[in-house]
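What follows is the content of run_35.cif (mmCIF, C-alpha atoms).
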```cif
data_run
loop_
_atom_site.label_atom_id
_atom_site.label_comp_id
_atom_site.auth_asym_id
_atom_site.auth_seq_id
_atom_site.Cartn_x
_atom_site.Cartn_y
_atom_site.Cartn_z
CA MET U 1 2.95 55.14 92.12
CA GLY U 2 5.75 57.62 92.54
CA ILE U 3 4.70 60.94 91.16
CA MET U 4 1.42 62.37 92.32
CA TYR U 5 1.96 66.09 91.98
CA LYS U 6 4.17 68.15 89.80
CA ASN U 7 6.16 69.58 92.68
CA ASN U 8 7.21 66.07 93.70
CA TYR U 9 8.89 65.58 90.38
CA LYS U 10 12.35 66.60 91.43
CA GLU U 11 12.27 64.46 94.59
CA ASN U 12 11.78 61.32 92.60
CA ASP U 13 15.05 61.78 90.79
CA PHE U 14 18.05 59.74 91.69
CA PRO U 15 20.50 61.82 93.66
CA ILE U 16 23.54 62.76 91.64
CA ILE U 17 26.76 63.29 93.53
CA GLU U 18 29.17 65.62 91.87
CA LYS U 19 32.39 63.85 91.13
CA TYR U 20 34.66 66.83 90.96
CA ALA U 21 34.43 69.99 92.91
CA GLY U 22 32.34 72.33 90.82
CA GLY U 23 31.79 69.70 88.14
CA SER U 24 33.10 69.83 84.60
CA ILE U 25 30.78 72.34 83.04
CA ILE U 26 31.22 71.87 79.35
CA LEU U 27 31.06 68.12 79.40
CA THR U 28 28.08 68.16 81.70
CA GLN U 29 26.22 70.41 79.34
CA LEU U 30 27.22 68.25 76.42
CA ASP U 31 26.01 65.24 78.35
CA ALA U 32 22.77 67.01 79.03
CA ILE U 33 22.21 67.83 75.39
CA VAL U 34 23.02 64.33 74.18
CA ASN U 35 20.90 62.69 76.83
CA TRP U 36 18.03 65.04 76.21
CA SER U 37 18.02 64.30 72.53
CA ARG U 38 18.37 60.57 73.07
CA SER U 39 15.59 60.37 75.60
CA ASN U 40 13.19 62.35 73.49
CA SER U 41 13.39 60.16 70.47
CA ILE U 42 13.58 56.53 71.41
CA TRP U 43 12.19 54.26 68.77
CA PRO U 44 10.80 51.09 70.21
CA LEU U 45 10.98 47.63 68.76
CA THR U 46 7.71 46.25 69.87
CA PHE U 47 8.07 42.70 70.99
CA GLY U 48 4.52 41.88 71.92
CA THR U 49 4.23 38.19 72.60
CA ARG U 50 1.06 37.99 74.67
CA CYS U 51 -1.78 39.99 76.21
CA CYS U 52 0.41 42.94 77.22
CA ALA U 53 0.76 43.66 73.53
CA MET U 54 -2.87 44.79 73.56
CA GLU U 55 -2.12 47.34 76.25
CA MET U 56 0.95 48.47 74.37
CA MET U 57 -1.15 48.99 71.29
CA ALA U 58 -3.65 50.89 73.42
CA ALA U 59 -0.84 53.09 74.68
CA GLY U 60 0.17 53.80 71.12
CA ALA U 61 -3.31 54.54 69.93
CA SER U 62 -4.99 57.89 70.10
CA ARG U 63 -6.27 58.08 73.67
CA HIS U 64 -2.96 57.55 75.44
CA ASP U 65 -0.45 58.35 72.81
CA PHE U 66 3.17 57.47 73.30
CA ALA U 67 4.14 59.33 70.16
CA ARG U 68 3.98 62.57 72.06
CA PHE U 69 6.94 61.41 74.14
CA GLY U 70 9.01 60.79 71.09
CA PHE U 71 8.37 57.07 70.75
CA GLU U 72 6.87 57.89 67.45
CA VAL U 73 7.96 55.26 65.05
CA ALA U 74 7.73 51.70 66.23
CA ARG U 75 10.21 49.96 64.05
CA ALA U 76 9.69 46.36 63.09
CA THR U 77 13.38 45.70 62.67
CA PRO U 78 15.88 45.73 65.51
CA ARG U 79 18.49 47.40 63.34
CA GLN U 80 16.58 50.65 63.40
CA ALA U 81 15.27 50.53 66.96
CA ASP U 82 16.67 51.70 70.28
CA LEU U 83 14.31 50.20 72.78
CA ILE U 84 12.82 46.77 73.07
CA ILE U 85 9.54 46.61 74.96
CA ILE U 86 9.03 43.05 76.09
CA ALA U 87 5.24 42.96 76.27
CA GLY U 88 4.27 39.48 77.27
CA SER U 89 5.70 36.27 78.55
CA ILE U 90 8.82 34.72 77.15
CA ASN U 91 8.86 30.99 76.45
CA TYR U 92 11.93 28.88 76.73
CA LYS U 93 11.56 28.48 73.00
CA MET U 94 11.46 32.23 72.40
CA ALA U 95 14.48 33.06 74.54
CA PRO U 96 17.20 32.59 71.91
CA VAL U 97 15.17 34.70 69.49
CA LEU U 98 14.91 37.48 72.04
CA LYS U 99 18.63 37.31 72.68
CA ARG U 100 19.36 37.52 68.99
CA LEU U 101 17.10 40.54 68.54
CA TYR U 102 18.70 42.27 71.51
CA ASP U 103 22.15 41.66 70.07
CA GLN U 104 21.10 43.11 66.77
CA ILE U 105 20.09 46.45 68.24
CA ALA U 106 22.87 49.01 68.04
CA GLU U 107 24.09 50.86 71.11
CA PRO U 108 22.62 52.75 72.98
CA LYS U 109 19.89 50.27 73.67
CA TYR U 110 17.37 50.00 76.44
CA VAL U 111 14.92 47.38 77.56
CA ILE U 112 11.55 47.73 79.22
CA ALA U 113 9.99 44.64 80.76
CA MET U 114 6.28 45.21 80.64
CA GLY U 115 3.83 43.15 82.57
CA ALA U 116 4.14 40.54 85.26
CA CYS U 117 5.30 37.80 82.93
CA ALA U 118 8.27 39.72 81.62
CA VAL U 119 9.19 40.98 85.06
CA SER U 120 9.23 37.68 86.93
CA GLY U 121 7.22 35.04 85.18
CA GLY U 122 4.03 36.43 86.65
CA PRO U 123 1.16 33.99 87.06
CA PHE U 124 3.32 31.29 85.49
CA PHE U 125 6.03 31.41 88.10
CA TYR U 126 4.81 28.25 89.81
CA ASN U 127 4.20 24.94 88.10
CA SER U 128 4.91 26.01 84.55
CA TYR U 129 7.33 24.18 82.35
CA ALA U 130 7.28 26.54 79.41
CA ILE U 131 7.40 30.14 80.57
CA MET U 132 10.66 31.70 81.61
CA LYS U 133 10.64 33.25 85.05
CA GLY U 134 11.35 36.77 83.92
CA ALA U 135 12.85 38.24 80.79
CA ASP U 136 15.92 39.36 82.69
CA HIS U 137 17.23 35.82 82.60
CA VAL U 138 18.05 36.52 78.99
CA ILE U 139 18.73 40.21 78.52
CA PRO U 140 19.48 43.06 80.93
CA VAL U 141 16.40 45.10 81.71
CA ASP U 142 16.32 48.82 82.50
CA VAL U 143 12.75 49.47 83.57
CA TYR U 144 10.28 47.00 85.05
CA ILE U 145 6.59 47.76 84.76
CA PRO U 146 4.41 45.55 86.95
CA GLY U 147 0.80 44.83 86.16
CA CYS U 148 -1.17 42.15 84.47
CA PRO U 149 -1.53 43.86 82.11
CA PRO U 150 -0.32 47.29 83.14
CA ARG U 151 -2.67 50.05 82.15
CA PRO U 152 -1.50 52.27 79.29
CA GLU U 153 -0.90 55.02 81.80
CA ALA U 154 1.42 52.70 83.69
CA LEU U 155 3.32 52.02 80.49
CA LEU U 156 3.64 55.75 79.89
CA TYR U 157 4.94 56.16 83.42
CA GLY U 158 7.51 53.50 82.64
CA PHE U 159 8.53 55.38 79.54
CA ILE U 160 8.99 58.55 81.54
CA GLN U 161 11.12 56.68 84.07
CA LEU U 162 13.24 55.38 81.23
CA GLN U 163 13.63 58.90 79.90
CA LYS U 164 14.78 60.06 83.31
CA LYS U 165 17.21 57.19 83.53
CA ILE U 166 18.67 58.15 80.18
CA ARG U 167 19.07 61.75 81.27
CA ARG U 168 21.21 60.64 84.19
CA GLU U 169 23.76 58.93 81.98
CA LYS U 170 27.35 60.06 81.73
CA ASN U 171 28.58 59.63 78.21
CA PHE U 172 31.87 61.46 78.15
CA LYS U 173 34.72 60.30 80.29
CA SER U 174 36.69 63.34 81.21
CA ALA U 175 40.06 61.73 80.91
CA LYS U 176 41.97 64.94 81.28
CA LEU U 177 40.63 65.64 84.76
CA VAL U 178 41.64 62.30 86.21
CA ASP U 179 44.34 63.74 88.42
CA VAL U 180 41.91 66.03 90.20
CA LYS U 181 41.07 64.49 93.54
CA PRO U 182 37.40 64.42 94.48
CA VAL U 183 36.52 66.73 97.33
CA ILE U 184 34.08 65.33 99.81
CA ASN U 185 32.08 67.97 101.60
CA GLN U 186 32.02 67.36 105.31
CA LYS U 187 28.77 68.47 106.82
CA MET Z 188 -30.93 12.00 65.49
CA THR Z 189 -31.45 12.86 69.08
CA ASN Z 190 -29.34 11.42 71.84
CA GLU Z 191 -31.94 8.75 72.56
CA GLU Z 192 -32.02 7.58 68.97
CA LEU Z 193 -28.26 7.67 68.73
CA TYR Z 194 -27.97 5.63 71.89
CA ASN Z 195 -30.33 2.98 70.61
CA TYR Z 196 -28.69 2.87 67.22
CA LEU Z 197 -25.19 2.55 68.62
CA VAL Z 198 -26.16 -0.13 71.10
CA GLN Z 199 -27.65 -2.20 68.32
CA ASN Z 200 -24.99 -1.76 65.66
CA PHE Z 201 -21.76 -1.68 67.66
CA PRO Z 202 -21.88 -4.74 69.86
CA GLY Z 203 -18.39 -4.50 71.28
CA ALA Z 204 -18.61 -0.91 72.44
CA GLU Z 205 -20.06 0.30 75.75
CA VAL Z 206 -22.41 3.16 75.17
CA ALA Z 207 -23.46 5.50 77.91
CA GLN Z 208 -25.82 8.41 77.94
CA GLY Z 209 -26.88 10.98 80.46
CA LYS Z 210 -24.39 13.73 79.73
CA GLN Z 211 -24.39 16.25 76.94
CA TYR Z 212 -23.18 13.77 74.34
CA VAL Z 213 -23.63 10.06 74.04
CA GLU Z 214 -20.34 8.46 75.00
CA MET Z 215 -18.96 5.34 73.42
CA THR Z 216 -15.99 3.45 74.79
CA VAL Z 217 -14.29 1.21 72.26
CA ALA Z 218 -11.45 -1.25 72.51
CA PRO Z 219 -8.20 -0.07 70.96
CA GLU Z 220 -8.13 -2.90 68.41
CA LYS Z 221 -11.46 -1.86 66.98
CA LEU Z 222 -10.76 1.84 66.91
CA VAL Z 223 -10.19 2.44 63.20
CA GLU Z 224 -12.92 0.03 62.17
CA THR Z 225 -15.44 1.77 64.42
CA ALA Z 226 -14.32 5.17 63.20
CA LYS Z 227 -14.75 4.18 59.56
CA LYS Z 228 -18.14 2.73 60.25
CA LEU Z 229 -19.24 5.87 62.06
CA LYS Z 230 -18.14 8.00 59.17
CA GLU Z 231 -19.51 5.93 56.34
CA THR Z 232 -22.91 4.90 57.62
CA GLU Z 233 -25.43 7.00 55.79
CA SER Z 234 -27.73 7.66 58.70
CA LEU Z 235 -24.87 8.66 61.01
CA SER Z 236 -22.25 10.27 58.70
CA PHE Z 237 -19.91 11.57 61.37
CA ASP Z 238 -17.51 13.43 59.17
CA TYR Z 239 -16.21 16.21 61.42
CA LEU Z 240 -13.78 15.50 64.24
CA PHE Z 241 -13.87 18.63 66.34
CA CYS Z 242 -11.75 17.61 69.26
CA LEU Z 243 -9.09 15.01 69.95
CA THR Z 244 -7.80 15.04 73.52
CA GLY Z 245 -5.30 12.87 75.29
CA VAL Z 246 -5.97 11.83 78.89
CA ASP Z 247 -3.63 10.55 81.56
CA TYR Z 248 -5.36 7.97 83.76
CA PRO Z 249 -3.67 6.31 86.76
CA GLU Z 250 -3.31 2.92 85.07
CA ASN Z 251 -3.11 3.81 81.41
CA MET Z 252 -3.66 6.57 78.93
CA GLY Z 253 -6.61 7.39 76.75
CA VAL Z 254 -7.79 9.51 73.90
CA ILE Z 255 -11.20 11.10 73.61
CA TYR Z 256 -12.66 11.95 70.22
CA HIS Z 257 -15.53 14.39 69.80
CA ILE Z 258 -17.13 13.85 66.42
CA GLU Z 259 -20.03 15.57 64.76
CA SER Z 260 -22.01 15.22 61.59
CA THR Z 261 -22.20 18.26 59.37
CA SER Z 262 -25.33 17.04 57.64
CA PHE Z 263 -27.39 15.92 60.61
CA ARG Z 264 -25.76 18.03 63.31
CA HIS Z 265 -25.58 15.34 65.93
CA ALA Z 266 -22.46 14.65 67.91
CA VAL Z 267 -21.01 11.74 69.78
CA VAL Z 268 -17.98 11.10 71.98
CA MET Z 269 -15.68 8.16 71.44
CA LYS Z 270 -13.26 7.07 74.14
CA VAL Z 271 -10.31 4.76 73.84
CA LYS Z 272 -7.87 3.56 76.48
CA THR Z 273 -4.45 2.08 75.97
CA ALA Z 274 -3.27 -1.09 77.60
CA ASN Z 275 -0.71 0.40 79.93
CA ARG Z 276 1.22 3.54 80.72
CA THR Z 277 4.71 2.39 79.94
CA GLU Z 278 4.12 1.94 76.22
CA PRO Z 279 0.95 3.77 75.23
CA VAL Z 280 0.19 2.90 71.62
CA LEU Z 281 -2.96 3.49 69.61
CA ASP Z 282 -3.99 3.38 66.01
CA THR Z 283 -4.24 6.58 64.13
CA VAL Z 284 -7.53 7.84 62.70
CA MET Z 285 -5.97 10.28 60.30
CA ASP Z 286 -7.14 8.23 57.34
CA VAL Z 287 -10.70 8.72 58.49
CA TRP Z 288 -10.57 12.33 59.66
CA GLN Z 289 -7.61 14.28 58.35
CA THR Z 290 -7.64 16.81 61.15
CA ALA Z 291 -6.44 14.06 63.45
CA LYS Z 292 -3.01 14.38 61.90
CA TYR Z 293 -2.05 17.47 63.87
CA HIS Z 294 -4.06 16.63 66.96
CA GLU Z 295 -2.31 13.30 67.28
CA ARG Z 296 1.03 15.01 66.91
CA GLU Z 297 0.08 17.23 69.80
CA VAL Z 298 -0.94 14.24 71.94
CA TYR Z 299 2.34 12.56 71.10
CA ASP Z 300 4.27 15.72 71.96
CA LEU Z 301 2.68 16.43 75.30
CA LEU Z 302 1.62 13.00 76.59
CA GLY Z 303 3.74 10.50 74.77
CA VAL Z 304 1.08 8.37 73.13
CA THR Z 305 2.42 6.91 69.89
CA PHE Z 306 0.08 6.30 66.99
CA ASN Z 307 0.54 3.45 64.55
CA ASN Z 308 0.48 4.16 60.82
CA HIS Z 309 0.84 7.88 61.32
CA ASN Z 310 3.01 9.03 58.47
CA ASP Z 311 4.53 12.06 60.17
CA LEU Z 312 4.61 11.51 63.92
CA ARG Z 313 6.94 14.10 65.34
CA ARG Z 314 6.77 16.75 67.99
CA LEU Z 315 4.64 19.75 67.31
CA PHE Z 316 5.46 22.41 69.92
CA LEU Z 317 8.35 21.28 72.07
CA GLU Z 318 11.92 20.45 71.27
CA ASP Z 319 13.18 16.93 70.99
CA GLY Z 320 14.86 16.51 74.32
CA TRP Z 321 11.85 17.54 76.34
CA GLY Z 322 9.90 14.90 78.23
CA PHE Z 323 6.13 14.69 78.16
CA PRO Z 324 4.97 17.63 80.24
CA LEU Z 325 1.25 16.93 80.52
CA ARG Z 326 1.75 13.63 82.27
CA LYS Z 327 0.90 13.67 85.92
CA ASP Z 328 4.28 12.33 86.90
CA TYR Z 329 6.29 14.85 84.92
CA VAL Z 330 9.17 16.24 86.93
CA ASP Z 331 11.42 18.99 85.70
CA GLU Z 332 14.06 20.18 88.11
CA VAL Z 333 15.26 23.08 86.04
CA ARG Z 334 12.16 24.74 84.73
CA ILE Z 335 9.33 24.06 87.13
CA ILE Z 336 9.08 25.73 90.53
CA GLU Z 337 6.76 23.59 92.57
CA ARG Z 338 4.08 24.90 94.79
#
```

Would you kindly transcribe this structure into structure tokens?
Amino acid sequence: MGIMYKNNYKENDFPIIEKYAGGSIILTQLDAIVNWSRSNSIWPLTFGTRCCAMEMMAAGASRHDFARFGFEVARATPRQADLIIIAGSINYKMAPVLKRLYDQIAEPKYVIAMGACAVSGGPFFYNSYAIMKGADHVIPVDVYIPGCPPRPEALLYGFIQLQKKIRREKNFKSAKLVDVKPVINQK
Amino acid sequence: MTNEELYNYLVQNFPGAEVAQGKQYVEMTVAPEKLVETAKKLKETESLSFDYLFCLTGVDYPENMGVIYHIESTSFRHAVVMKVKTANRTEPVLDTVMDVWQTAKYHEREVYDLLGVTFNNHNDLRRLFLEDGWGFPLRKDYVDEVRIIER
């Protein structure tokens, strides 16, 4: 696992290279606010197909609670959800359904592939005619959580990684500063 | 009836079938032409009254295909196994027992879907799980270039 102690938290972040010398302060702060609010209230569409759904339910229950991270309301309809947690293996028969659900979610949307089956086909990678070898053959995945099934704490770690990924996003294109050339610091 | 009594009874009353004992259930191998007749007789005889089919499985043998029926009596609580083999593998055909035990309707659809055994007189023989263009995956010689990664 990545984070063991609290003072390692910053090291695990993806390095961000400033695009313009000094950065564009207002838009960065606006980015920060929007990303903070988005990451703290992602509503998942729970797509539990197999055994990983049990661990997802355990993560939502009282002992490990994902509601304290903002994933409060698990919506049953994709129209009101932001995140689709693929908990379980995807059949070849289920794939068009998954694609349709993903298309119905409004932007910004994120995908977590939970469990070995959704990541790569898992135990059914060899010699199986029915299970797709990974959910990312159908939809683009943001966070992969290995495990068979992953413990609820592993799912929470995946959620936190997704939150950090959202906080790195750049939403506003600063079109007015295009003519400023990037300055590369020579060390 | 115990297995001993069942064995003796079946040997006497079903002359064409080969009955074997020694395992958990008494096993009876019947010829495919006599399948429905034997099934009806097993169900309707008062002392046997096998009215509950609890498992119908298809089997893929090297030379042909077979179906194994596990039947039980709800009144006497004894169970027996009935085995049938088809003539060949290229055109595996059997008679349906859905008129005797209605649960066989869905089980035979599954056997048709996954192994390719067609059942005569079945009024709704279509695939249960897979789509129409799929082959018969549970056969030993099933090859699928696209979906299966061999190991």

Return as a list in words the residues belonging to chain U that are within 10 Å of chain Z, counting only C-alpha atoms.
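Written out as asked, the residues are Tyr92, Lys93, Phe124, Phe125, Tyr126, Asn127, Ser128, Tyr129, Ala130, Ile131, Met132 and Lys133 of chain U.
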
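This file, filtered with the PyMOL selection byres ((chain U and resi 58) around 12), gives the residues Cys51, Cys52, Ala53, Met54, Glu55, Met56, Met57, Ala59, Gly60, Ala61, Ser62, Arg63, His64, Asp65, Phe66, Ala67, Pro149, Pro150, Arg151, Pro152, Glu153, Ala154, Leu155 and Leu156 of chain U.
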
Name the residues captured by the PyMOL selection byres ((chain Z and resi 306) around 8) when it is applied to the shown file; answer as a CSV table (one decimal) with C-alpha atoms, in the coordinates of the input.
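Result written to expr_34.csv:
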```csv
chain,number,residue,atom,x,y,z
Z,280,VAL,CA,0.2,2.9,71.6
Z,281,LEU,CA,-3.0,3.5,69.6
Z,282,ASP,CA,-4.0,3.4,66.0
Z,283,THR,CA,-4.2,6.6,64.1
Z,295,GLU,CA,-2.3,13.3,67.3
Z,299,TYR,CA,2.3,12.6,71.1
Z,304,VAL,CA,1.1,8.4,73.1
Z,305,THR,CA,2.4,6.9,69.9
Z,307,ASN,CA,0.5,3.4,64.6
Z,308,ASN,CA,0.5,4.2,60.8
Z,309,HIS,CA,0.8,7.9,61.3
Z,312,LEU,CA,4.6,11.5,63.9
```

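If you look at CA of Met252 (chain Z) and CA of Arg296 (chain Z), they are 15.4 Å away from each other.
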
CA of Ala95 (chain U) to CA of Glu72 (chain U), distance in Å rounded to a single decimal
26.9 Å

With all atoms of region 62-70 of chain U from the file as input, state the centre and edge lengths in Å to one decimal of the axis-aligned box that has 6 Å extra on each side, as JSON.
```
{"center_x": 1.4, "center_y": 60.0, "center_z": 72.8, "size_x": 27.3, "size_y": 17.1, "size_z": 17.3}
```

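The interatomic distance for the pair CA of Glu224 (chain Z) and CA of Glu259 (chain Z) works out to 17.3 Å.
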
Top pick for closest residue to Thr216 (chain Z), considering Z:Glu250, Z:His265, Z:Leu193, Z:Lys270 and counting only C-alpha atoms:
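Looking at the shortest contact to Thr216 (chain Z), the residue is Z:Lys270.
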
Taking the file as shown, what set of residues would the PyMOL selection byres ((chain U and resi 159-172) around 9) give back, as a ChimeraX atom specification?
/U:13-14,16,27-28,30-32,34-36,38-40,42,66,69,71,110-112,142-143,154-158,173-175

Counting only C-alpha atoms, closest pick from Z:Leu315, Z:Leu229, Z:Ala291, Z:Val198 relative to Ala266 (chain Z) is Z:Leu229

Residue neighbourhood Asn195 (chain Z), 12 Å, only C-alpha atoms, exclusion window fewer than 6 positions, as a PyMOL selection string:
chain Z and resi 188-189+201-202+205-208+213+215

Show which residues sit within 9 Å of His294 (chain Z), as an MDAnalysis selection string. Count all atoms listed in the file, and ignore same-chain residues fewer than 6 positions away.
chainID Z and resid 242:244

Counting all atoms listed in the file, find residues at most 9 Å from (-16.2, 12.2, 59.8) (file frame) and give them as an NGL selection string.
:Z and (226-227 or 229-231 or 236-240 or 258-261 or 287-289)

Check the smallest atom-to-atom distance from each of Z:Arg264, Z:Arg313, Z:His257, Z:Lys272 to Val217 (chain Z) using all atoms listed in the file, then report the winner.
Z:Lys272

What does region 207-233 of chain Z look like written to a file with N, CA and C atoms, as a PDB file, in the first residue's frame?
```
ATOM      1  N   ALA Z 207     -27.237 -50.530 -11.488  1.00  0.00           N
ATOM      2  CA  ALA Z 207     -25.980 -50.726 -10.761  1.00  0.00           C
ATOM      3  C   ALA Z 207     -26.139 -50.138  -9.376  1.00  0.00           C
ATOM      4  N   GLN Z 208     -25.475 -50.733  -8.419  1.00  0.00           N
ATOM      5  CA  GLN Z 208     -25.495 -50.130  -7.100  1.00  0.00           C
ATOM      6  C   GLN Z 208     -24.067 -50.110  -6.575  1.00  0.00           C
ATOM      7  N   GLY Z 209     -23.910 -49.532  -5.404  1.00  0.00           N
ATOM      8  CA  GLY Z 209     -22.572 -49.427  -4.855  1.00  0.00           C
ATOM      9  C   GLY Z 209     -22.209 -48.001  -4.538  1.00  0.00           C
ATOM     10  N   LYS Z 210     -22.825 -47.054  -5.219  1.00  0.00           N
ATOM     11  CA  LYS Z 210     -22.543 -45.649  -4.911  1.00  0.00           C
ATOM     12  C   LYS Z 210     -23.663 -45.115  -4.039  1.00  0.00           C
ATOM     13  N   GLN Z 211     -23.746 -43.805  -3.935  1.00  0.00           N
ATOM     14  CA  GLN Z 211     -24.738 -43.237  -3.035  1.00  0.00           C
ATOM     15  C   GLN Z 211     -26.165 -43.542  -3.487  1.00  0.00           C
ATOM     16  N   TYR Z 212     -26.394 -43.451  -4.794  1.00  0.00           N
ATOM     17  CA  TYR Z 212     -27.717 -43.749  -5.329  1.00  0.00           C
ATOM     18  C   TYR Z 212     -27.636 -44.969  -6.228  1.00  0.00           C
ATOM     19  N   VAL Z 213     -28.732 -45.631  -6.381  1.00  0.00           N
ATOM     20  CA  VAL Z 213     -28.814 -46.712  -7.356  1.00  0.00           C
ATOM     21  C   VAL Z 213     -28.871 -46.083  -8.734  1.00  0.00           C
ATOM     22  N   GLU Z 214     -28.053 -46.584  -9.658  1.00  0.00           N
ATOM     23  CA  GLU Z 214     -27.995 -45.947 -10.975  1.00  0.00           C
ATOM     24  C   GLU Z 214     -28.608 -46.858 -12.019  1.00  0.00           C
ATOM     25  N   MET Z 215     -29.366 -46.259 -12.906  1.00  0.00           N
ATOM     26  CA  MET Z 215     -30.094 -47.028 -13.891  1.00  0.00           C
ATOM     27  C   MET Z 215     -29.788 -46.453 -15.261  1.00  0.00           C
ATOM     28  N   THR Z 216     -29.253 -47.263 -16.150  1.00  0.00           N
ATOM     29  CA  THR Z 216     -28.957 -46.766 -17.491  1.00  0.00           C
ATOM     30  C   THR Z 216     -30.026 -47.287 -18.429  1.00  0.00           C
ATOM     31  N   VAL Z 217     -30.708 -46.375 -19.100  1.00  0.00           N
ATOM     32  CA  VAL Z 217     -31.785 -46.799 -20.002  1.00  0.00           C
ATOM     33  C   VAL Z 217     -31.410 -46.459 -21.423  1.00  0.00           C
ATOM     34  N   ALA Z 218     -32.067 -47.130 -22.347  1.00  0.00           N
ATOM     35  CA  ALA Z 218     -31.870 -46.820 -23.764  1.00  0.00           C
ATOM     36  C   ALA Z 218     -32.678 -45.585 -24.109  1.00  0.00           C
ATOM     37  N   PRO Z 219     -32.207 -44.790 -25.049  1.00  0.00           N
ATOM     38  CA  PRO Z 219     -32.914 -43.540 -25.332  1.00  0.00           C
ATOM     39  C   PRO Z 219     -34.339 -43.722 -25.847  1.00  0.00           C
ATOM     40  N   GLU Z 220     -34.624 -44.880 -26.486  1.00  0.00           N
ATOM     41  CA  GLU Z 220     -35.991 -45.056 -26.996  1.00  0.00           C
ATOM     42  C   GLU Z 220     -36.964 -45.276 -25.863  1.00  0.00           C
ATOM     43  N   LYS Z 221     -36.474 -45.819 -24.761  1.00  0.00           N
ATOM     44  CA  LYS Z 221     -37.393 -46.161 -23.674  1.00  0.00           C
ATOM     45  C   LYS Z 221     -37.404 -45.108 -22.585  1.00  0.00           C
ATOM     46  N   LEU Z 222     -36.842 -43.951 -22.872  1.00  0.00           N
ATOM     47  CA  LEU Z 222     -36.639 -42.972 -21.807  1.00  0.00           C
ATOM     48  C   LEU Z 222     -37.949 -42.492 -21.214  1.00  0.00           C
ATOM     49  N   VAL Z 223     -38.868 -42.031 -22.065  1.00  0.00           N
ATOM     50  CA  VAL Z 223     -40.092 -41.422 -21.534  1.00  0.00           C
ATOM     51  C   VAL Z 223     -40.953 -42.476 -20.880  1.00  0.00           C
ATOM     52  N   GLU Z 224     -40.955 -43.667 -21.479  1.00  0.00           N
ATOM     53  CA  GLU Z 224     -41.781 -44.750 -20.925  1.00  0.00           C
ATOM     54  C   GLU Z 224     -41.284 -45.121 -19.524  1.00  0.00           C
ATOM     55  N   THR Z 225     -39.959 -45.245 -19.391  1.00  0.00           N
ATOM     56  CA  THR Z 225     -39.389 -45.564 -18.087  1.00  0.00           C
ATOM     57  C   THR Z 225     -39.680 -44.455 -17.087  1.00  0.00           C
ATOM     58  N   ALA Z 226     -39.561 -43.207 -17.545  1.00  0.00           N
ATOM     59  CA  ALA Z 226     -39.799 -42.095 -16.636  1.00  0.00           C
ATOM     60  C   ALA Z 226     -41.229 -42.098 -16.133  1.00  0.00           C
ATOM     61  N   LYS Z 227     -42.167 -42.352 -17.039  1.00  0.00           N
ATOM     62  CA  LYS Z 227     -43.581 -42.366 -16.627  1.00  0.00           C
ATOM     63  C   LYS Z 227     -43.829 -43.494 -15.642  1.00  0.00           C
ATOM     64  N   LYS Z 228     -43.218 -44.635 -15.947  1.00  0.00           N
ATOM     65  CA  LYS Z 228     -43.439 -45.772 -15.054  1.00  0.00           C
ATOM     66  C   LYS Z 228     -42.851 -45.495 -13.672  1.00  0.00           C
ATOM     67  N   LEU Z 229     -41.684 -44.866 -13.636  1.00  0.00           N
ATOM     68  CA  LEU Z 229     -41.083 -44.538 -12.348  1.00  0.00           C
ATOM     69  C   LEU Z 229     -41.954 -43.581 -11.573  1.00  0.00           C
ATOM     70  N   LYS Z 230     -42.605 -42.668 -12.286  1.00  0.00           N
ATOM     71  CA  LYS Z 230     -43.393 -41.677 -11.559  1.00  0.00           C
ATOM     72  C   LYS Z 230     -44.701 -42.267 -11.078  1.00  0.00           C
ATOM     73  N   GLU Z 231     -45.300 -43.127 -11.906  1.00  0.00           N
ATOM     74  CA  GLU Z 231     -46.670 -43.518 -11.612  1.00  0.00           C
ATOM     75  C   GLU Z 231     -46.810 -44.769 -10.772  1.00  0.00           C
ATOM     76  N   THR Z 232     -45.765 -45.553 -10.662  1.00  0.00           N
ATOM     77  CA  THR Z 232     -45.861 -46.740  -9.804  1.00  0.00           C
ATOM     78  C   THR Z 232     -46.066 -46.301  -8.373  1.00  0.00           C
ATOM     79  N   GLU Z 233     -47.016 -46.918  -7.716  1.00  0.00           N
ATOM     80  CA  GLU Z 233     -47.376 -46.456  -6.373  1.00  0.00           C
ATOM     81  C   GLU Z 233     -46.240 -46.647  -5.382  1.00  0.00           C
TER      82      GLU Z 233
END
```
